[in-house]
4 protein chains.
Amino acid sequence: MHDDQPQPLTAFALNCSLKASTSDTPSSTEKMIDDLFRALKPHGVSGSAERVIDHPVKPGVMSDMGRDDGWPSLRARIIEADIFILATPIWLGHPSSPAQRVLERLDAFLGEADDRQRMPGLGKVALVAVVGNEDGAHAVHAACFQALSDCGFSIPGNGGLYWVGEAMQSRNYVDLDDIPEPVAQSMTLAASNTAHLARRLKARPYPGVVAQEGKI
Amino acid sequence: MHDDQPQPLTAFALNCSLKASTSDTPSSTEKMIDDLFRALKPHGVSGSAERVIDHPVKPGVMSDMGRDDGWPSLRARIIEADIFILATPIWLGHPSSPAQRVLERLDAFLGEADDRQRMPGLGKVALVAVVGNEDGAHAVHAACFQALSDCGFSIPGNGGLYWVGEAMQSRNYVDLDDIPEPVAQSMTLAASNTAHLARRLKARPYPGVVAQEGKI
Amino acid sequence: MHDDQPQPLTAFALNCSLKASTSDTPSSTEKMIDDLFRALKPHGVSGSAERVIDHPVKPGVMSDMGRDDGWPSLRARIIEADIFILATPIWLGHPSSPAQRVLERLDAFLGEADDRQRMPGLGKVALVAVVGNEDGAHAVHAACFQALSDCGFSIPGNGGLYWVGEAMQSRNYVDLDDIPEPVAQSMTLAASNTAHLARRLKARPYPGVVAQEGKI
Amino acid sequence: MHDDQPQPLTAFALNCSLKASTSDTPSSTEKMIDDLFRALKPHGVSGSAERVIDHPVKPGVMSDMGRDDGWPSLRARIIEADIFILATPIWLGHPSSPAQRVLERLDAFLGEADDRQRMPGLGKVALVAVVGNEDGAHAVHAACFQALSDCGFSIPGNGGLYWVGEAMQSRNYVDLDDIPEPVAQSMTLAASNTAHLARRLKARPYPGVVAQEGKI
């Protein structure tokens with residue numbers, strides 16, 4: 001169900017593939033982002049994406065690591081959007097190294113709270129989309145949800161998307177003829193939940209707290 | 001900042017300590033729940049708690065595992081409340097076995113969605129509160145956030161509470177003279193965020209999706 | 001390749017299924033243990049197993065939690081064996097609650113080191129065998145390897161066994177007509193590695209350290 | 001206890017700090033590697049280390065990702081050594097992005113087994129050394145042990161080293177006046193266990209398996 005005249009929302013996705021977009025090999029992560037954008041569209045959400053590896057994101061834990069750092073422009077896109085989609089392949093059962101680098105750069109949010117202790121991520125909704133040829137999706141959701149909540153993002157119910165194949169097999173999400181039915185359903189539900197939550201938090205933002213409220 | 005005339009909200013906490021409440025040893029997990037309830041109170045949230053180990057919660061993944069199962073009454077309390085607090089000590093770096101049992105019983109939610117695919121947890125807000133004498137809190141947040149999101153719960157920004165001591169030390173949260181300042185602050189912020197999110201979702205529940213909306 | 005006249009070794013497996021052995025439903029975890037025992041046999045390893053849930057293993061972190069505690073007899077079997085197999089289904093992406101309880105009881109090993117700081121697990125080799133209908137095996141390996149290494153167990157190369165199906169599917173390991181080829185291969189390799197490592201450590205045990213060696 | 005005339009062993013450590021060695025800020029990870037080398041020395045182990053971020057290690061999952069890839073020379077050092085030390089800071093509760101990149105590059109080992117299914121890592125012993133100002137060490141051990149076992153490395157009993165401070169504090173390992181006693185003890189024990197295990201596996205390598213042995 002969509003809101004009657006839903007306020008338009010924006011989603012920004014970071015594709016944390018190990019392959020640059022100049023690679024000849026198609027990215028399963030990109031396909032999942034595209035599928036998710038299609039699921040979000042009827043809810044008034046327009047999406048855009050960048051591949052992290054296309055940008056020279058420097059190692060570090062500050063929002064700007066100096067000359068030639070590719071992060072500040074990606075960070076700006078996260079800040080502008082209502083919804084942040086962290087999309088990553090699974091490697092060795094973990095979020096990819098570009099995904100972990102993104103989290104490290106988001107860590108700067110912990111030192112950038114406003115005078116009501118609201119980090120830049122607070123009020124934004126995060127989805128985590130994961131693909132792999134086998135196993136690891138829930139562990140990647142876990143690692144990312146925890147880090148994103150730490151940085152202020154809100155996680156909607158059923159906010160983890162994924163596809164993985166059977167143990168020790170090598171088929172990829174891009175190799176599938178169709179989106180498997182339960183995967184499509186989970187995307188549809190996640191899209192609805194995400195748009196709803198983002199709209200609620202946009203209409204009435206988290207108020208935050210002031211220092212003297214801190215007495216327990 | 002509190003809403004002007006905030007609608008009252010309820011929070012239900014499960015204390016996943018390994019010790020029954022008849023134990024002579026004080027529960028650090030219980031203290032953290034109490035501290036959190038104090039932080040939630042100014043936001044119009046009244047809380048109650050149960051210790052899982054006091055109840056004969058049977059192993060299994062259904063909502064009712066038959067005669068003498070202690071889960072159905074706890075499950076009813078979760079369903080009635082607006083906010084669910086999963087509070088657990090860290091053992092071997094993981095959520096305690098009672099916490100994992102709670103998650104296993106919540107797994108039944110996946111088969112209990114309504115005709116708009118909304119699981120019983122959808123619309124409820126979850127907090128995860130963790131104590132240990134050393135290390136492991138973020139890993140426990142990760143494991144619990146992922147499982148709770150799978151069951152439909154929403155996670156507010158900064159929804160992970162914790163205290164742990166220095167590596168390989170044995171001091172407990174109950175042994176501290178005062179709540180350390182950053183811990184108190186994190187509770188204050190989490191309480192504000194949680195009440196706000198729960199109120200938004202109560203005023204306008206997740207709409208869910210109907211089957212034919214599933215086409216991507 | 002087997003040693004020429006290999007010294008006999010023993011393996012003890014704990015099946016951490018949520019179902020008691022009186023259940024009518026077959027246990028995928030049990031089947032994997034049986035398959036693994038078959039792979040270990042040519043290496044001179046004889047195996048036996050118990051289902052944790054058949055025993056009244058009390059919550060706690062001591063080796064004996066008093067009257068009617070089912071753990072001491074299981075603990076004795078671990079101590080007697082050269083190889084310990086922790087076999088668990090995946091629930092919500094995690095080791096089952098009986099598996100976590102086993103780890104909590106093994107935690108007592110940290111306080112039971114001898115005068116050379118050798119915990120009761122030191123010198124024993126651990127395998128972790130995991131089944132699920134979808135996703136989670138590597139995360140369970142991770143959680144268990146870390147806890148078992150903490151308790152002194154050694155992990156052989158390729159010491160993680162598993163089968164899981166495709167994302168969001170419901171087929172179980174017991175439902176398969178045959179052991180999938182890569183799974184069978186991984187068992188064969190793990191069995192060889194485990195027997196080899198256990199034999200090396202039995203022939204020449206870890207020497208441990210004395211207190212005054214502790215100066216770095 | 002050291003072997004009488006212990007065969008010399010070599011350890012190679014990768015420091016997965018986010019900071020290059022040209023940084024003015026001292027690396028806690030480097031200090032822990034140095035402390036560990038000191039603990040290993042009496043066991044006849046000589047160590048050397050590289051900082052991953054000093055080398056242009058390309059993203060990917062092959063052993064050589066082409067021109068200007070910094071990985072092949074680091075990989076060669078791992079192959080030459082008997083002991084591999086993966087040393088990483090904790091960021092957002094996870095192994096650092098350089099650590100995850102190392103694991104991704106080690107993933108190539110899965111396709112490089114010899115005709116007895118032995119991966120290049122098989123027979124080598126791995127330690128995981130972790131530092132952080134607060135929380136996360138066990139989760140990092142877990143993630144790394146699982147990935148390293150997958151690549152063939154053996155994990156000794158008590159193979160996880162770490163120091164972290166109290167929750168939400170900012171002190172670092174380099175800021176400590178002395179190595180805390182339990183940390184020093186754990187290093188001493190880990191060093192003894194590691195040297196012992198590496199020596200056993202060097203004297204009698206894992207035999208591996210041939211294809212026809214795979215029948216279970």
# chains A, B, ... in the order shown; residues from 1 in each chain; ligands from 1
$ calpha_fit_and_write --fixed "chain D" --moving "chain B" --output "compact mmCIF listing (two decimals) with C-alpha atoms, in the first residue's frame"
# COMPACT_ATOMS: atom_id res chain seq x y z
CA MET B 1 59.41 -25.36 27.79
CA HIS B 2 61.38 -25.27 24.59
CA ASP B 3 62.41 -28.24 22.48
CA ASP B 4 66.05 -29.25 23.15
CA GLN B 5 67.53 -28.14 19.92
CA PRO B 6 64.56 -26.58 18.33
CA GLN B 7 64.50 -26.37 14.58
CA PRO B 8 64.36 -22.69 13.69
CA LEU B 9 60.96 -21.46 12.58
CA THR B 10 59.86 -18.29 10.83
CA ALA B 11 56.82 -16.16 11.43
CA PHE B 12 55.48 -13.56 9.03
CA ALA B 13 53.05 -10.94 10.28
CA LEU B 14 50.77 -8.68 8.28
CA ASN B 15 49.92 -5.47 10.12
CA CYS B 16 46.47 -4.43 8.89
CA SER B 17 46.48 -0.95 10.38
CA LEU B 18 44.67 1.80 8.46
CA LYS B 19 47.79 3.94 8.84
CA ALA B 20 50.84 3.69 6.59
CA SER B 21 54.17 3.22 8.32
CA THR B 22 55.04 6.78 7.30
CA SER B 23 52.32 8.02 9.66
CA ASP B 24 53.42 9.98 12.71
CA THR B 25 50.97 8.12 14.90
CA PRO B 26 52.33 4.94 16.47
CA SER B 27 50.52 1.74 15.56
CA SER B 28 49.07 -0.30 18.43
CA THR B 29 48.93 -3.22 16.04
CA GLU B 30 52.67 -2.90 15.43
CA LYS B 31 53.35 -2.87 19.13
CA MET B 32 51.35 -6.04 19.61
CA ILE B 33 53.25 -7.73 16.77
CA ASP B 34 56.55 -6.69 18.38
CA ASP B 35 55.43 -8.02 21.76
CA LEU B 36 54.38 -11.26 20.17
CA PHE B 37 57.68 -11.61 18.33
CA ARG B 38 59.44 -11.20 21.68
CA ALA B 39 57.29 -13.97 23.10
CA LEU B 40 58.04 -16.23 20.11
CA LYS B 41 61.80 -15.69 20.13
CA PRO B 42 62.67 -18.06 23.01
CA HIS B 43 60.89 -20.76 21.01
CA GLY B 44 63.29 -20.40 18.11
CA VAL B 45 60.93 -18.33 16.01
CA SER B 46 62.26 -15.36 14.09
CA GLY B 47 59.69 -12.91 12.85
CA SER B 48 59.28 -10.25 10.22
CA ALA B 49 56.35 -8.02 9.43
CA GLU B 50 54.90 -5.80 6.74
CA ARG B 51 52.18 -3.21 6.88
CA VAL B 52 49.57 -4.06 4.25
CA ILE B 53 48.68 -0.44 3.57
CA ASP B 54 52.29 0.27 2.54
CA HIS B 55 51.77 -2.04 -0.43
CA PRO B 56 49.38 -1.51 -3.35
CA VAL B 57 47.36 -4.67 -2.69
CA LYS B 58 44.72 -4.73 -5.39
CA PRO B 59 41.13 -5.78 -4.83
CA GLY B 60 40.28 -9.21 -6.15
CA VAL B 61 40.37 -12.90 -5.31
CA MET B 62 43.28 -14.16 -7.38
CA SER B 63 46.86 -14.57 -6.26
CA ASP B 64 48.07 -12.08 -8.85
CA MET B 65 45.79 -9.25 -10.00
CA GLY B 66 48.24 -7.99 -12.60
CA ARG B 67 50.46 -5.01 -13.05
CA ASP B 68 51.52 -3.12 -9.92
CA ASP B 69 49.78 -5.54 -7.61
CA GLY B 70 51.46 -5.47 -4.22
CA TRP B 71 50.05 -8.82 -3.12
CA PRO B 72 52.33 -11.38 -4.82
CA SER B 73 55.37 -10.35 -2.78
CA LEU B 74 53.40 -10.48 0.47
CA ARG B 75 51.89 -13.81 -0.54
CA ALA B 76 55.40 -15.18 -1.13
CA ARG B 77 56.37 -14.20 2.40
CA ILE B 78 53.35 -16.04 3.81
CA ILE B 79 54.24 -19.13 1.77
CA GLU B 80 57.85 -19.09 2.96
CA ALA B 81 57.01 -18.75 6.64
CA ASP B 82 55.91 -21.47 9.02
CA ILE B 83 53.66 -19.21 11.02
CA PHE B 84 51.30 -16.51 9.77
CA ILE B 85 50.24 -13.73 12.09
CA LEU B 86 47.22 -11.73 11.00
CA ALA B 87 47.30 -8.57 13.11
CA THR B 88 44.50 -6.06 12.85
CA PRO B 89 42.87 -3.19 14.62
CA ILE B 90 39.12 -3.32 15.24
CA TRP B 91 36.96 -0.89 13.32
CA LEU B 92 33.21 -0.91 13.86
CA GLY B 93 33.67 -4.25 15.59
CA HIS B 94 35.22 -5.91 12.52
CA PRO B 95 38.63 -6.73 11.05
CA SER B 96 39.98 -3.64 9.26
CA SER B 97 39.46 -3.24 5.51
CA PRO B 98 43.12 -4.14 4.84
CA ALA B 99 42.61 -7.33 6.90
CA GLN B 100 39.52 -8.20 4.89
CA ARG B 101 41.47 -7.53 1.70
CA VAL B 102 44.17 -9.95 2.87
CA LEU B 103 41.51 -12.60 3.46
CA GLU B 104 40.06 -11.97 0.01
CA ARG B 105 43.46 -12.50 -1.56
CA LEU B 106 44.03 -15.66 0.51
CA ASP B 107 40.72 -16.95 -0.89
CA ALA B 108 42.71 -17.83 -4.03
CA PHE B 109 44.24 -20.68 -2.01
CA LEU B 110 40.95 -22.56 -2.41
CA GLY B 111 41.69 -22.98 -6.10
CA GLU B 112 45.37 -23.75 -5.67
CA ALA B 113 45.35 -27.13 -3.91
CA ASP B 114 47.88 -29.73 -5.00
CA ASP B 115 46.98 -33.21 -6.25
CA ARG B 116 46.38 -34.26 -2.66
CA GLN B 117 43.90 -31.38 -2.13
CA ARG B 118 46.34 -29.48 0.05
CA MET B 119 45.94 -25.72 -0.21
CA PRO B 120 49.04 -23.52 0.07
CA GLY B 121 48.07 -22.62 3.64
CA LEU B 122 47.84 -26.22 4.82
CA GLY B 123 50.49 -27.01 7.37
CA LYS B 124 51.01 -23.43 8.35
CA VAL B 125 49.90 -22.21 11.74
CA ALA B 126 47.98 -18.96 12.09
CA LEU B 127 47.67 -16.57 14.99
CA VAL B 128 45.26 -13.64 15.08
CA ALA B 129 46.34 -10.56 17.05
CA VAL B 130 43.79 -7.83 17.65
CA VAL B 131 43.90 -4.39 19.23
CA GLY B 132 41.22 -1.77 19.73
CA ASN B 133 40.36 0.94 22.19
CA GLU B 134 37.18 -0.90 23.07
CA ASP B 135 35.31 -4.09 22.32
CA GLY B 136 35.33 -6.38 19.31
CA ALA B 137 38.33 -8.67 19.70
CA HIS B 138 36.51 -11.99 19.92
CA ALA B 139 34.39 -11.14 16.89
CA VAL B 140 37.54 -10.37 14.93
CA HIS B 141 39.13 -13.63 16.08
CA ALA B 142 35.99 -15.45 14.97
CA ALA B 143 35.90 -13.86 11.51
CA CYS B 144 39.61 -14.46 10.94
CA PHE B 145 39.86 -18.00 12.35
CA GLN B 146 36.99 -19.12 10.12
CA ALA B 147 38.50 -17.58 7.00
CA LEU B 148 42.01 -18.84 7.78
CA SER B 149 40.82 -22.38 8.49
CA ASP B 150 38.96 -22.28 5.15
CA CYS B 151 42.29 -21.45 3.49
CA GLY B 152 44.05 -24.36 5.17
CA PHE B 153 45.76 -22.74 8.13
CA SER B 154 45.75 -24.55 11.48
CA ILE B 155 44.77 -22.65 14.61
CA PRO B 156 46.57 -23.60 17.83
CA GLY B 157 44.77 -23.77 21.14
CA ASN B 158 44.53 -20.25 22.62
CA GLY B 159 45.48 -18.77 19.25
CA GLY B 160 43.68 -15.47 19.72
CA LEU B 161 45.64 -12.52 21.13
CA TYR B 162 44.07 -9.21 22.01
CA TRP B 163 43.82 -6.10 24.02
CA VAL B 164 40.86 -3.75 24.16
CA GLY B 165 39.90 -1.15 26.72
CA GLU B 166 36.68 -0.54 28.61
CA ALA B 167 33.49 0.22 26.68
CA MET B 168 33.46 3.57 24.86
CA GLN B 169 36.91 4.58 26.09
CA SER B 170 39.68 5.85 23.86
CA ARG B 171 42.93 4.56 25.34
CA ASN B 172 45.06 2.51 22.95
CA TYR B 173 47.43 -0.39 23.42
CA VAL B 174 50.40 1.90 22.68
CA ASP B 175 49.26 4.17 25.52
CA LEU B 176 49.64 1.50 28.20
CA ASP B 177 52.64 1.71 30.50
CA ASP B 178 53.05 -2.06 30.58
CA ILE B 179 51.53 -5.05 28.93
CA PRO B 180 48.73 -6.05 31.30
CA GLU B 181 49.60 -9.27 33.10
CA PRO B 182 46.84 -11.47 31.60
CA VAL B 183 47.69 -10.20 28.12
CA ALA B 184 51.37 -11.01 28.60
CA GLN B 185 50.44 -14.47 29.87
CA SER B 186 48.19 -15.12 26.91
CA MET B 187 51.00 -14.14 24.56
CA THR B 188 53.45 -16.43 26.31
CA LEU B 189 51.05 -19.34 26.08
CA ALA B 190 50.08 -18.62 22.48
CA ALA B 191 53.74 -18.37 21.50
CA SER B 192 54.51 -21.73 23.07
CA ASN B 193 51.49 -23.41 21.53
CA THR B 194 52.15 -21.93 18.12
CA ALA B 195 55.80 -22.93 17.97
CA HIS B 196 54.96 -26.43 19.15
CA LEU B 197 52.20 -26.92 16.60
CA ALA B 198 54.24 -25.46 13.74
CA ARG B 199 57.15 -27.74 14.59
CA ARG B 200 54.94 -30.84 14.69
CA LEU B 201 53.39 -30.01 11.34
CA LYS B 202 56.73 -29.18 9.78
CA ALA B 203 58.24 -32.47 10.93
CA ARG B 204 55.28 -34.44 9.61
CA PRO B 205 53.17 -32.50 7.11
CA TYR B 206 49.47 -33.10 6.56
CA PRO B 207 49.32 -35.97 4.05
CA GLY B 208 46.24 -34.67 2.21
CA VAL B 209 43.93 -36.99 0.31
CA VAL B 210 43.72 -38.30 -3.23
CA ALA B 211 40.49 -38.16 -5.17
CA GLN B 212 39.57 -41.84 -4.81
CA GLU B 213 39.85 -41.60 -1.05
CA GLY B 214 36.80 -39.35 -1.17
CA LYS B 215 34.20 -42.11 -0.92
CA ILE B 216 32.32 -41.85 2.33
